[in-house]
Structure formats: C-alpha cells, structure tokens
file start_18.cif (mmCIF, N, CA, C and O atoms)
data_protein
#
loop_
_atom_site.label_atom_id
_atom_site.label_comp_id
_atom_site.auth_asym_id
_atom_site.auth_seq_id
_atom_site.Cartn_x
_atom_site.Cartn_y
_atom_site.Cartn_z
N MET A 58 -16.99 1.94 27.72
CA MET A 58 -18.12 1.09 27.41
C MET A 58 -17.60 -0.29 27.01
O MET A 58 -16.72 -0.38 26.17
N PRO A 59 -18.12 -1.34 27.60
CA PRO A 59 -17.70 -2.69 27.21
C PRO A 59 -18.02 -2.96 25.73
O PRO A 59 -18.99 -2.42 25.19
N PRO A 60 -17.23 -3.83 25.08
CA PRO A 60 -17.41 -4.08 23.65
C PRO A 60 -18.84 -4.48 23.24
O PRO A 60 -19.37 -3.94 22.27
N ALA A 61 -19.45 -5.39 23.96
CA ALA A 61 -20.81 -5.83 23.57
C ALA A 61 -21.80 -4.67 23.65
O ALA A 61 -22.66 -4.51 22.77
N GLU A 62 -21.67 -3.86 24.67
CA GLU A 62 -22.54 -2.70 24.83
C GLU A 62 -22.27 -1.67 23.73
O GLU A 62 -23.20 -1.07 23.18
N ALA A 63 -21.01 -1.47 23.39
CA ALA A 63 -20.63 -0.53 22.33
C ALA A 63 -21.18 -0.99 20.99
O ALA A 63 -21.68 -0.18 20.20
N LEU A 64 -21.10 -2.28 20.72
CA LEU A 64 -21.66 -2.80 19.46
C LEU A 64 -23.16 -2.56 19.38
O LEU A 64 -23.67 -2.16 18.33
N ALA A 65 -23.85 -2.82 20.47
CA ALA A 65 -25.30 -2.61 20.48
C ALA A 65 -25.64 -1.14 20.27
O ALA A 65 -26.54 -0.81 19.50
N GLU A 66 -24.89 -0.26 20.92
CA GLU A 66 -25.15 1.18 20.77
C GLU A 66 -24.80 1.66 19.37
O GLU A 66 -25.54 2.43 18.75
N ALA A 67 -23.67 1.21 18.85
CA ALA A 67 -23.28 1.59 17.48
C ALA A 67 -24.31 1.09 16.48
O ALA A 67 -24.67 1.82 15.55
N GLN A 68 -24.82 -0.11 16.66
CA GLN A 68 -25.84 -0.64 15.76
C GLN A 68 -27.11 0.18 15.84
O GLN A 68 -27.73 0.50 14.83
N ARG A 69 -27.50 0.54 17.06
CA ARG A 69 -28.70 1.37 17.23
C ARG A 69 -28.54 2.70 16.48
O ARG A 69 -29.46 3.15 15.80
N LEU A 70 -27.36 3.29 16.58
CA LEU A 70 -27.09 4.56 15.90
C LEU A 70 -27.06 4.39 14.39
O LEU A 70 -27.59 5.24 13.65
N LEU A 71 -26.46 3.32 13.90
CA LEU A 71 -26.46 3.06 12.46
C LEU A 71 -27.88 2.86 11.95
O LEU A 71 -28.24 3.39 10.90
N ASP A 72 -28.67 2.11 12.71
CA ASP A 72 -30.07 1.88 12.31
C ASP A 72 -30.88 3.17 12.29
O ASP A 72 -31.84 3.29 11.53
N ALA A 73 -30.48 4.13 13.13
CA ALA A 73 -31.16 5.43 13.19
C ALA A 73 -30.57 6.42 12.18
O ALA A 73 -30.89 7.60 12.23
N ASP A 74 -29.70 5.92 11.29
CA ASP A 74 -29.05 6.76 10.28
C ASP A 74 -28.21 7.86 10.92
O ASP A 74 -28.21 9.01 10.47
N ARG A 75 -27.46 7.48 11.96
CA ARG A 75 -26.57 8.40 12.66
C ARG A 75 -25.16 7.80 12.67
O ARG A 75 -24.60 7.52 13.73
N PRO A 76 -24.57 7.60 11.50
CA PRO A 76 -23.28 6.91 11.44
C PRO A 76 -22.13 7.66 12.11
O PRO A 76 -21.21 7.02 12.63
N PHE A 77 -22.16 8.99 12.13
CA PHE A 77 -21.07 9.70 12.79
C PHE A 77 -21.06 9.41 14.28
O PHE A 77 -20.01 9.23 14.89
N HIS A 78 -22.25 9.35 14.87
CA HIS A 78 -22.34 9.04 16.30
C HIS A 78 -21.91 7.60 16.57
O HIS A 78 -21.27 7.32 17.59
N ALA A 79 -22.23 6.70 15.65
CA ALA A 79 -21.76 5.31 15.77
C ALA A 79 -20.24 5.28 15.72
O ALA A 79 -19.60 4.55 16.48
N HIS A 80 -19.67 6.09 14.86
CA HIS A 80 -18.21 6.20 14.76
C HIS A 80 -17.61 6.60 16.11
O HIS A 80 -16.61 6.04 16.54
N GLU A 81 -18.22 7.57 16.76
CA GLU A 81 -17.69 8.02 18.05
C GLU A 81 -17.68 6.91 19.08
O GLU A 81 -16.73 6.76 19.86
N VAL A 82 -18.74 6.10 19.11
CA VAL A 82 -18.81 4.97 20.04
C VAL A 82 -17.71 3.96 19.71
O VAL A 82 -16.98 3.51 20.60
N LEU A 83 -17.58 3.62 18.44
CA LEU A 83 -16.58 2.63 18.02
C LEU A 83 -15.15 3.15 18.22
O LEU A 83 -14.26 2.39 18.60
N GLU A 84 -14.95 4.44 18.00
CA GLU A 84 -13.64 5.02 18.20
C GLU A 84 -13.22 4.97 19.67
O GLU A 84 -12.05 4.72 19.98
N ALA A 85 -14.16 5.18 20.57
CA ALA A 85 -13.85 5.11 22.00
C ALA A 85 -13.36 3.72 22.38
O ALA A 85 -12.41 3.57 23.15
N VAL A 86 -13.99 2.69 21.82
CA VAL A 86 -13.56 1.31 22.10
C VAL A 86 -12.20 1.07 21.46
O VAL A 86 -11.31 0.47 22.08
N TRP A 87 -12.00 1.53 20.24
CA TRP A 87 -10.72 1.37 19.55
C TRP A 87 -9.59 1.93 20.42
O TRP A 87 -8.57 1.27 20.60
N LYS A 88 -9.76 3.10 20.94
CA LYS A 88 -8.69 3.76 21.70
C LYS A 88 -8.40 3.08 23.03
O LYS A 88 -7.32 3.26 23.58
N SER A 89 -9.35 2.29 23.54
CA SER A 89 -9.13 1.62 24.82
C SER A 89 -8.98 0.10 24.68
O SER A 89 -8.78 -0.59 25.67
N ALA A 90 -9.07 -0.41 23.46
CA ALA A 90 -9.01 -1.86 23.23
C ALA A 90 -7.61 -2.40 23.45
O ALA A 90 -6.61 -1.68 23.25
N PRO A 91 -7.52 -3.67 23.83
CA PRO A 91 -6.20 -4.30 23.91
C PRO A 91 -5.58 -4.36 22.51
O PRO A 91 -6.30 -4.42 21.50
N GLU A 92 -4.29 -4.37 22.44
CA GLU A 92 -3.57 -4.32 21.17
C GLU A 92 -4.08 -5.30 20.12
O GLU A 92 -4.26 -4.91 18.97
N PRO A 93 -4.33 -6.57 20.45
CA PRO A 93 -4.78 -7.50 19.40
C PRO A 93 -6.12 -7.13 18.75
O PRO A 93 -6.41 -7.57 17.65
N GLU A 94 -6.94 -6.33 19.43
CA GLU A 94 -8.25 -5.95 18.90
C GLU A 94 -8.29 -4.54 18.34
O GLU A 94 -9.27 -4.14 17.73
N ARG A 95 -7.24 -3.80 18.54
CA ARG A 95 -7.27 -2.37 18.21
C ARG A 95 -7.60 -2.10 16.74
O ARG A 95 -8.41 -1.24 16.42
N GLU A 96 -6.99 -2.84 15.83
CA GLU A 96 -7.24 -2.60 14.41
C GLU A 96 -8.65 -3.01 14.00
O GLU A 96 -9.22 -2.43 13.08
N LEU A 97 -9.22 -3.99 14.68
CA LEU A 97 -10.62 -4.37 14.43
C LEU A 97 -11.53 -3.19 14.71
O LEU A 97 -12.35 -2.80 13.88
N TRP A 98 -11.40 -2.61 15.89
CA TRP A 98 -12.25 -1.48 16.28
C TRP A 98 -11.96 -0.25 15.43
O TRP A 98 -12.87 0.51 15.09
N ARG A 99 -10.70 -0.06 15.06
CA ARG A 99 -10.35 1.05 14.17
C ARG A 99 -11.05 0.88 12.82
O ARG A 99 -11.60 1.83 12.26
N GLY A 100 -11.04 -0.34 12.30
CA GLY A 100 -11.71 -0.62 11.03
C GLY A 100 -13.20 -0.39 11.13
O GLY A 100 -13.81 0.19 10.22
N LEU A 101 -13.83 -0.81 12.23
CA LEU A 101 -15.26 -0.59 12.40
C LEU A 101 -15.58 0.90 12.47
O LEU A 101 -16.56 1.37 11.88
N ALA A 102 -14.74 1.65 13.18
CA ALA A 102 -14.93 3.11 13.26
C ALA A 102 -14.80 3.73 11.87
O ALA A 102 -15.56 4.63 11.51
N GLN A 103 -13.85 3.24 11.08
CA GLN A 103 -13.67 3.77 9.73
C GLN A 103 -14.87 3.44 8.84
O GLN A 103 -15.23 4.24 7.97
N VAL A 104 -15.47 2.30 9.03
CA VAL A 104 -16.68 1.97 8.28
C VAL A 104 -17.75 3.02 8.56
O VAL A 104 -18.38 3.56 7.64
N ALA A 105 -17.95 3.33 9.84
CA ALA A 105 -18.97 4.32 10.21
C ALA A 105 -18.65 5.70 9.63
O ALA A 105 -19.54 6.41 9.17
N VAL A 106 -17.37 6.08 9.62
CA VAL A 106 -16.99 7.37 9.03
C VAL A 106 -17.20 7.33 7.52
O VAL A 106 -17.66 8.32 6.92
N GLY A 107 -16.90 6.20 6.90
CA GLY A 107 -17.14 6.07 5.46
C GLY A 107 -18.61 6.24 5.13
O GLY A 107 -18.97 6.92 4.16
N VAL A 108 -19.47 5.66 5.94
CA VAL A 108 -20.91 5.82 5.74
C VAL A 108 -21.31 7.28 5.97
O VAL A 108 -22.14 7.83 5.23
N THR A 109 -20.67 7.93 6.94
CA THR A 109 -20.92 9.35 7.18
C THR A 109 -20.60 10.16 5.93
O THR A 109 -21.38 11.03 5.52
N HIS A 110 -19.47 9.87 5.30
CA HIS A 110 -19.09 10.57 4.07
C HIS A 110 -20.13 10.32 2.96
O HIS A 110 -20.48 11.25 2.23
N LEU A 111 -20.60 9.09 2.86
CA LEU A 111 -21.64 8.80 1.86
C LEU A 111 -22.88 9.65 2.11
O LEU A 111 -23.44 10.22 1.19
N ARG A 112 -23.30 9.70 3.36
CA ARG A 112 -24.51 10.45 3.72
C ARG A 112 -24.35 11.94 3.45
O ARG A 112 -25.31 12.64 3.23
N ARG A 113 -23.11 12.42 3.47
CA ARG A 113 -22.84 13.85 3.24
C ARG A 113 -22.50 14.14 1.78
O ARG A 113 -22.15 15.26 1.44
N GLY A 114 -22.58 13.13 0.92
CA GLY A 114 -22.35 13.34 -0.50
C GLY A 114 -20.90 13.31 -0.94
O GLY A 114 -20.58 13.67 -2.06
N ASN A 115 -20.01 12.85 -0.07
CA ASN A 115 -18.59 12.78 -0.39
C ASN A 115 -18.23 11.34 -0.79
O ASN A 115 -17.63 10.60 -0.03
N ALA A 116 -18.63 10.96 -1.99
CA ALA A 116 -18.41 9.58 -2.46
C ALA A 116 -16.93 9.24 -2.52
O ALA A 116 -16.53 8.13 -2.18
N ARG A 117 -16.11 10.17 -2.96
CA ARG A 117 -14.67 9.90 -3.09
C ARG A 117 -14.04 9.60 -1.72
O ARG A 117 -13.29 8.64 -1.58
N GLY A 118 -14.33 10.44 -0.73
CA GLY A 118 -13.81 10.20 0.62
C GLY A 118 -14.35 8.90 1.19
O GLY A 118 -13.63 8.16 1.86
N ALA A 119 -15.62 8.63 0.93
CA ALA A 119 -16.23 7.40 1.41
C ALA A 119 -15.55 6.18 0.82
O ALA A 119 -15.24 5.22 1.54
N GLN A 120 -15.31 6.21 -0.47
CA GLN A 120 -14.68 5.07 -1.13
C GLN A 120 -13.30 4.78 -0.53
O GLN A 120 -12.96 3.63 -0.26
N ALA A 121 -12.52 5.82 -0.29
CA ALA A 121 -11.19 5.64 0.28
C ALA A 121 -11.27 5.04 1.69
O ALA A 121 -10.58 4.07 2.01
N LEU A 122 -12.13 5.60 2.53
CA LEU A 122 -12.26 5.11 3.90
C LEU A 122 -12.83 3.70 3.95
O LEU A 122 -12.36 2.86 4.73
N LEU A 123 -13.85 3.44 3.16
CA LEU A 123 -14.46 2.12 3.17
C LEU A 123 -13.49 1.05 2.68
O LEU A 123 -13.44 -0.05 3.24
N SER A 124 -12.70 1.37 1.69
CA SER A 124 -11.70 0.41 1.20
C SER A 124 -10.65 0.12 2.27
O SER A 124 -10.28 -1.04 2.50
N ARG A 125 -10.16 1.16 2.91
CA ARG A 125 -9.17 0.98 3.99
C ARG A 125 -9.76 0.19 5.14
O ARG A 125 -9.11 -0.67 5.73
N ALA A 126 -11.01 0.49 5.48
CA ALA A 126 -11.67 -0.21 6.58
C ALA A 126 -11.78 -1.70 6.28
O ALA A 126 -11.49 -2.54 7.13
N ALA A 127 -12.22 -2.03 5.07
CA ALA A 127 -12.35 -3.44 4.69
C ALA A 127 -11.00 -4.15 4.79
O ALA A 127 -10.91 -5.25 5.34
N ASP A 128 -9.95 -3.52 4.28
CA ASP A 128 -8.62 -4.12 4.35
C ASP A 128 -8.19 -4.31 5.80
O ASP A 128 -7.56 -5.32 6.14
N ARG A 129 -8.52 -3.38 6.66
CA ARG A 129 -8.14 -3.45 8.07
C ARG A 129 -8.90 -4.58 8.79
O ARG A 129 -8.38 -5.18 9.74
N LEU A 130 -10.10 -4.89 8.33
CA LEU A 130 -10.92 -5.92 8.98
C LEU A 130 -10.60 -7.34 8.53
O LEU A 130 -10.86 -8.30 9.26
N VAL A 131 -10.03 -7.50 7.34
CA VAL A 131 -9.76 -8.83 6.78
C VAL A 131 -9.00 -9.76 7.74
O VAL A 131 -9.36 -10.93 7.86
N PRO A 132 -7.99 -9.30 8.45
CA PRO A 132 -7.27 -10.22 9.35
C PRO A 132 -8.15 -10.84 10.45
O PRO A 132 -7.77 -11.83 11.06
N TYR A 133 -9.32 -10.29 10.68
CA TYR A 133 -10.22 -10.80 11.72
C TYR A 133 -11.30 -11.73 11.18
O TYR A 133 -12.18 -12.15 11.93
N LEU A 134 -11.24 -12.06 9.90
CA LEU A 134 -12.27 -12.91 9.29
C LEU A 134 -12.41 -14.26 9.99
O LEU A 134 -13.53 -14.75 10.16
N ASP A 135 -11.30 -14.87 10.36
CA ASP A 135 -11.36 -16.22 10.93
C ASP A 135 -11.60 -16.27 12.43
O ASP A 135 -11.95 -17.33 12.96
N ALA A 136 -11.40 -15.15 13.11
CA ALA A 136 -11.53 -15.18 14.57
C ALA A 136 -12.09 -13.86 15.09
O ALA A 136 -11.47 -13.19 15.91
N ALA A 137 -13.26 -13.50 14.63
CA ALA A 137 -13.87 -12.24 15.05
C ALA A 137 -14.43 -12.36 16.46
O ALA A 137 -15.24 -13.24 16.72
N PRO A 138 -14.02 -11.48 17.36
CA PRO A 138 -14.55 -11.54 18.72
C PRO A 138 -15.94 -10.89 18.81
O PRO A 138 -16.36 -10.16 17.90
N TYR A 139 -16.63 -11.15 19.90
CA TYR A 139 -17.90 -10.49 20.24
C TYR A 139 -19.02 -10.72 19.24
O TYR A 139 -19.97 -9.96 19.17
N GLY A 140 -18.89 -11.77 18.43
CA GLY A 140 -19.93 -12.07 17.46
C GLY A 140 -20.01 -11.09 16.31
O GLY A 140 -21.03 -11.02 15.63
N ILE A 141 -18.95 -10.33 16.09
CA ILE A 141 -18.94 -9.35 15.01
C ILE A 141 -18.95 -10.09 13.67
O ILE A 141 -18.19 -11.03 13.46
N ASP A 142 -19.81 -9.67 12.78
CA ASP A 142 -19.94 -10.28 11.46
C ASP A 142 -18.92 -9.66 10.50
O ASP A 142 -19.28 -8.90 9.59
N VAL A 143 -17.66 -9.98 10.71
CA VAL A 143 -16.60 -9.38 9.92
C VAL A 143 -16.79 -9.67 8.44
O VAL A 143 -16.66 -8.78 7.60
N GLN A 144 -17.13 -10.89 8.10
CA GLN A 144 -17.31 -11.25 6.69
C GLN A 144 -18.41 -10.39 6.06
O GLN A 144 -18.25 -9.83 4.98
N GLY A 145 -19.55 -10.28 6.71
CA GLY A 145 -20.65 -9.47 6.19
C GLY A 145 -20.29 -8.00 6.09
O GLY A 145 -20.64 -7.33 5.12
N ILE A 146 -19.57 -7.50 7.09
CA ILE A 146 -19.17 -6.09 7.08
C ILE A 146 -18.19 -5.83 5.94
O ILE A 146 -18.31 -4.83 5.22
N VAL A 147 -17.21 -6.72 5.77
CA VAL A 147 -16.24 -6.55 4.69
C VAL A 147 -16.94 -6.57 3.34
O VAL A 147 -16.69 -5.71 2.48
N GLN A 148 -17.85 -7.51 3.14
CA GLN A 148 -18.57 -7.59 1.87
C GLN A 148 -19.40 -6.34 1.62
O GLN A 148 -19.37 -5.77 0.53
N ARG A 149 -20.14 -5.90 2.62
CA ARG A 149 -21.01 -4.72 2.47
C ARG A 149 -20.16 -3.46 2.26
O ARG A 149 -20.50 -2.61 1.42
N THR A 150 -19.06 -3.36 2.99
CA THR A 150 -18.19 -2.19 2.89
C THR A 150 -17.55 -2.11 1.51
O THR A 150 -17.50 -1.04 0.89
N ARG A 151 -17.08 -3.24 1.01
CA ARG A 151 -16.48 -3.24 -0.33
C ARG A 151 -17.53 -2.92 -1.40
O ARG A 151 -17.25 -2.24 -2.37
N SER A 152 -18.73 -3.42 -1.20
CA SER A 152 -19.82 -3.12 -2.13
C SER A 152 -20.12 -1.62 -2.15
O SER A 152 -20.27 -1.02 -3.21
N LEU A 153 -20.18 -1.01 -0.98
CA LEU A 153 -20.43 0.43 -0.90
C LEU A 153 -19.28 1.23 -1.48
O LEU A 153 -19.50 2.29 -2.08
N ALA A 154 -18.05 0.74 -1.33
CA ALA A 154 -16.89 1.44 -1.89
C ALA A 154 -16.95 1.43 -3.42
O ALA A 154 -16.60 2.41 -4.07
N LYS A 155 -17.41 0.31 -3.98
CA LYS A 155 -17.50 0.19 -5.44
C LYS A 155 -18.69 0.96 -5.99
O LYS A 155 -18.63 1.55 -7.06
N GLU A 156 -19.81 0.87 -5.29
CA GLU A 156 -21.05 1.49 -5.75
C GLU A 156 -21.70 2.25 -4.61
O GLU A 156 -22.60 1.74 -3.94
N PRO A 157 -21.24 3.48 -4.37
CA PRO A 157 -21.84 4.27 -3.28
C PRO A 157 -23.33 4.47 -3.52
O PRO A 157 -23.78 4.54 -4.66
N GLN A 158 -24.07 4.55 -2.45
CA GLN A 158 -25.51 4.74 -2.58
C GLN A 158 -25.97 5.91 -1.73
O GLN A 158 -25.34 6.25 -0.73
N ASP A 159 -27.05 6.51 -2.16
CA ASP A 159 -27.69 7.57 -1.40
C ASP A 159 -28.73 6.95 -0.48
O ASP A 159 -29.15 5.83 -0.68
N GLY A 160 -29.13 7.69 0.49
CA GLY A 160 -30.18 7.22 1.38
C GLY A 160 -29.64 6.37 2.51
O GLY A 160 -28.45 6.14 2.62
N PRO A 161 -30.53 5.92 3.39
CA PRO A 161 -30.11 5.10 4.52
C PRO A 161 -29.36 3.85 4.05
O PRO A 161 -29.70 3.25 3.04
N ILE A 162 -28.35 3.48 4.80
CA ILE A 162 -27.50 2.37 4.42
C ILE A 162 -27.63 1.26 5.47
O ILE A 162 -27.29 1.47 6.63
N ALA A 163 -28.13 0.12 5.04
CA ALA A 163 -28.26 -1.02 5.94
C ALA A 163 -26.89 -1.64 6.17
O ALA A 163 -26.20 -1.98 5.22
N LEU A 164 -26.52 -1.76 7.42
CA LEU A 164 -25.24 -2.34 7.78
C LEU A 164 -25.40 -3.01 9.14
O LEU A 164 -25.83 -2.37 10.10
N ARG A 165 -25.09 -4.30 9.19
CA ARG A 165 -25.20 -5.06 10.45
C ARG A 165 -23.81 -5.34 10.98
O ARG A 165 -22.98 -5.86 10.25
N LEU A 166 -23.56 -5.02 12.24
CA LEU A 166 -22.28 -5.30 12.87
C LEU A 166 -22.21 -6.73 13.39
O LEU A 166 -21.15 -7.32 13.42
N THR A 167 -23.35 -7.25 13.80
CA THR A 167 -23.44 -8.64 14.26
C THR A 167 -24.61 -9.28 13.55
O THR A 167 -25.55 -8.61 13.13
N PRO A 168 -24.58 -10.61 13.37
CA PRO A 168 -25.72 -11.28 12.72
C PRO A 168 -26.99 -11.07 13.54
O PRO A 168 -26.94 -10.93 14.75
N ASN A 169 -28.10 -11.05 12.86
CA ASN A 169 -29.40 -10.90 13.56
C ASN A 169 -29.69 -12.07 14.44
O ASN A 169 -29.42 -13.14 14.28
#

call {"tool": "encode", "arguments": {"input": "start_18.cif", "output": "structure tokens"}}
result
Amino acid sequence: MPPAEALAEAQRLLDADRPFHAHEVLEAVWKSAPEPERELWRGLAQVAVGVTHLRRGNARGAQALLSRAADRLVPYLDAAPYGIDVQGIVQRTRSLAKEPQDGPIALRLTPN
C-alpha cells in the first residue's frame, strides 16, 4: 500500500477505535519502506500498538511503547514526509504515556 493510502487507512481505523488494525497497516509500510523512512513508520506502528494496550487496560505496556514511539519519531520533526504531523503525534503520544486514558483516543496522523 502506498504511504498516503496507508496513512488514510490507518487514520480511518484509529477513528473507528481499531488501533490494532491501524498498527497492521502501518507495520506493513514500515517493513517495505526505504531505509531513511523505516524508523518513522516503525514509530507510527508502535503508537498504534501503544493505543491498543491502553484500550486493553495495559497502562504499563502502553506507557513503555508510547514513550519509545515518541523517541523514535523525534528525528523526523523537521522533515516529516507525506504530511505526517510528527510534532502533534509526539506531543499526544507523550501525553498519553504520562497520563493514560480510558475510552476512545483521538489521534491525528496528519493535520486536518
């Protein structure tokens, strides 16, 4: 799946409160991405898995994954491809790692 299409599908799945399925879409792109983008997609996939852990009541696992994901995304802050809102994702991910929440989690991969 091309990156723009994968982002749209992952966002649709996140909006439908299906973060594990979003993870699968993002993981597929990660595994096929060119080397310079691989860690970006890996970080996005980890964000989705972290949200999955939150939804399943595993706050400790979520905090670990979300923290790692944010750290993995930081190098892309200045040059995020495909219109990915790396800054917003890092901020939201770190916020969720510090204060996990129950219920649907709003997360935007690209600006509205």

call {"tool": "resolve_selection", "arguments": {"input": "start_18.cif", "expression": "the PyMOL selection byres ((chain A and resi 102-117) around 8)", "output": "ChimeraX atom specification"}}
result
/A:71,74-85,87,95-101,118-127,146,150,153-154,157-162

call {"tool": "atom_distance", "arguments": {"input": "start_18.cif", "atom1": "atom O of Ala67 (chain A)", "atom2": "CA of Leu166 (chain A)"}}
result
8.0 Å

call {"tool": "atom_distance", "arguments": {"input": "start_18.cif", "atom1": "CA of Pro138 (chain A)", "atom2": "atom O of Lys155 (chain A)"}}
result
29.2 Å

call {"tool": "atom_distance", "arguments": {"input": "start_18.cif", "atom1": "CA of Ala73 (chain A)", "atom2": "atom C of Pro93 (chain A)"}}
result
28.6 Å

call {"tool": "axis_aligned_box", "arguments": {"input": "start_18.cif", "around": "region 113-125 of chain A", "padding_each_side": "4 Å", "output": "AutoDock Vina command-line options"}}
result
--center_x -16.1 --center_y 7.1 --center_z 1.3 --size_x 22.0 --size_y 24.3 --size_z 16.8

call {"tool": "select_by_dssp", "arguments": {"input": "start_18.cif", "residues": "chain A", "states": "alpha helix (DSSP H)", "output": "JSON, numbers by chain"}}
result
{"A": [60, 61, 62, 63, 64, 65, 66, 67, 68, 69, 70, 71, 72, 76, 77, 78, 79, 80, 81, 82, 83, 84, 85, 86, 87, 88, 89, 92, 93, 94, 95, 96, 97, 98, 99, 100, 101, 102, 103, 104, 105, 106, 107, 108, 109, 110, 111, 112, 116, 117, 118, 119, 120, 121, 122, 123, 124, 125, 126, 127, 128, 129, 130, 143, 144, 145, 146, 147, 148, 149, 150, 151, 152, 153, 154, 155]}

call {"tool": "decode", "arguments": {"input": "start_18.cif", "residues": "region 148-156 of chain A", "atoms": "all heavy atoms", "output": "PDB file, in the first residue's frame"}}
result
ATOM      1  N   GLN A 148       3.655  14.897  20.688  1.00  0.00           N
ATOM      2  CA  GLN A 148       3.033  15.538  21.853  1.00  0.00           C
ATOM      3  C   GLN A 148       1.911  14.689  22.427  1.00  0.00           C
ATOM      4  O   GLN A 148       1.831  14.475  23.634  1.00  0.00           O
ATOM      5  CB  GLN A 148       2.509  16.926  21.480  1.00  0.00           C
ATOM      6  CG  GLN A 148       3.591  17.931  21.250  1.00  0.00           C
ATOM      7  CD  GLN A 148       3.054  19.253  20.717  1.00  0.00           C
ATOM      8  OE1 GLN A 148       1.914  19.361  20.279  1.00  0.00           O
ATOM      9  NE2 GLN A 148       3.898  20.270  20.739  1.00  0.00           N
ATOM     10  N   ARG A 149       1.032  14.192  21.565  1.00  0.00           N
ATOM     11  CA  ARG A 149      -0.115  13.392  22.018  1.00  0.00           C
ATOM     12  C   ARG A 149       0.362  12.075  22.624  1.00  0.00           C
ATOM     13  O   ARG A 149      -0.157  11.629  23.657  1.00  0.00           O
ATOM     14  CB  ARG A 149      -1.058  13.133  20.838  1.00  0.00           C
ATOM     15  CG  ARG A 149      -2.283  12.350  21.220  1.00  0.00           C
ATOM     16  CD  ARG A 149      -3.195  13.185  22.103  1.00  0.00           C
ATOM     17  NE  ARG A 149      -4.440  12.477  22.319  1.00  0.00           N
ATOM     18  CZ  ARG A 149      -4.951  12.243  23.519  1.00  0.00           C
ATOM     19  NH1 ARG A 149      -4.374  12.702  24.600  1.00  0.00           N
ATOM     20  NH2 ARG A 149      -6.072  11.570  23.637  1.00  0.00           N
ATOM     21  N   THR A 150       1.359  11.468  22.000  1.00  0.00           N
ATOM     22  CA  THR A 150       1.882  10.188  22.466  1.00  0.00           C
ATOM     23  C   THR A 150       2.535  10.341  23.838  1.00  0.00           C
ATOM     24  O   THR A 150       2.320   9.525  24.741  1.00  0.00           O
ATOM     25  CB  THR A 150       2.878   9.626  21.432  1.00  0.00           C
ATOM     26  OG1 THR A 150       2.176   9.453  20.190  1.00  0.00           O
ATOM     27  CG2 THR A 150       3.454   8.303  21.860  1.00  0.00           C
ATOM     28  N   ARG A 151       3.315  11.390  24.001  1.00  0.00           N
ATOM     29  CA  ARG A 151       3.949  11.624  25.307  1.00  0.00           C
ATOM     30  C   ARG A 151       2.899  11.929  26.377  1.00  0.00           C
ATOM     31  O   ARG A 151       3.028  11.506  27.523  1.00  0.00           O
ATOM     32  CB  ARG A 151       4.985  12.729  25.199  1.00  0.00           C
ATOM     33  CG  ARG A 151       6.222  12.242  24.470  1.00  0.00           C
ATOM     34  CD  ARG A 151       7.400  13.142  24.684  1.00  0.00           C
ATOM     35  NE  ARG A 151       8.595  12.478  24.174  1.00  0.00           N
ATOM     36  CZ  ARG A 151       9.541  13.072  23.498  1.00  0.00           C
ATOM     37  NH1 ARG A 151       9.463  14.373  23.256  1.00  0.00           N
ATOM     38  NH2 ARG A 151      10.589  12.392  23.083  1.00  0.00           N
ATOM     39  N   SER A 152       1.874  12.648  25.994  1.00  0.00           N
ATOM     40  CA  SER A 152       0.786  12.944  26.932  1.00  0.00           C
ATOM     41  C   SER A 152       0.093  11.655  27.372  1.00  0.00           C
ATOM     42  O   SER A 152      -0.176  11.457  28.560  1.00  0.00           O
ATOM     43  CB  SER A 152      -0.215  13.892  26.267  1.00  0.00           C
ATOM     44  OG  SER A 152      -1.352  14.052  27.049  1.00  0.00           O
ATOM     45  N   LEU A 153      -0.180  10.774  26.432  1.00  0.00           N
ATOM     46  CA  LEU A 153      -0.819   9.501  26.766  1.00  0.00           C
ATOM     47  C   LEU A 153       0.094   8.620  27.605  1.00  0.00           C
ATOM     48  O   LEU A 153      -0.377   7.886  28.474  1.00  0.00           O
ATOM     49  CB  LEU A 153      -1.224   8.757  25.495  1.00  0.00           C
ATOM     50  CG  LEU A 153      -2.415   9.318  24.740  1.00  0.00           C
ATOM     51  CD1 LEU A 153      -2.541   8.653  23.377  1.00  0.00           C
ATOM     52  CD2 LEU A 153      -3.691   9.140  25.552  1.00  0.00           C
ATOM     53  N   ALA A 154       1.400   8.693  27.363  1.00  0.00           N
ATOM     54  CA  ALA A 154       2.349   7.894  28.150  1.00  0.00           C
ATOM     55  C   ALA A 154       2.365   8.367  29.603  1.00  0.00           C
ATOM     56  O   ALA A 154       2.461   7.558  30.526  1.00  0.00           O
ATOM     57  CB  ALA A 154       3.744   7.966  27.548  1.00  0.00           C
ATOM     58  N   LYS A 155       2.247   9.681  29.795  1.00  0.00           N
ATOM     59  CA  LYS A 155       2.259  10.238  31.153  1.00  0.00           C
ATOM     60  C   LYS A 155       0.926  10.029  31.857  1.00  0.00           C
ATOM     61  O   LYS A 155       0.873   9.776  33.056  1.00  0.00           O
ATOM     62  CB  LYS A 155       2.583  11.731  31.126  1.00  0.00           C
ATOM     63  CG  LYS A 155       4.020  12.022  30.818  1.00  0.00           C
ATOM     64  CD  LYS A 155       4.261  13.511  30.800  1.00  0.00           C
ATOM     65  CE  LYS A 155       5.685  13.809  30.364  1.00  0.00           C
ATOM     66  NZ  LYS A 155       5.907  15.227  30.178  1.00  0.00           N
ATOM     67  N   GLU A 156      -0.156  10.210  31.116  1.00  0.00           N
ATOM     68  CA  GLU A 156      -1.495  10.109  31.688  1.00  0.00           C
ATOM     69  C   GLU A 156      -2.378   9.254  30.792  1.00  0.00           C
ATOM     70  O   GLU A 156      -3.133   9.779  29.968  1.00  0.00           O
ATOM     71  CB  GLU A 156      -2.101  11.500  31.843  1.00  0.00           C
ATOM     72  CG  GLU A 156      -1.368  12.365  32.841  1.00  0.00           C
ATOM     73  CD  GLU A 156      -2.025  13.727  33.005  1.00  0.00           C
ATOM     74  OE1 GLU A 156      -3.256  13.816  32.846  1.00  0.00           O
ATOM     75  OE2 GLU A 156      -1.294  14.678  33.287  1.00  0.00           O
TER      76      GLU A 156
END
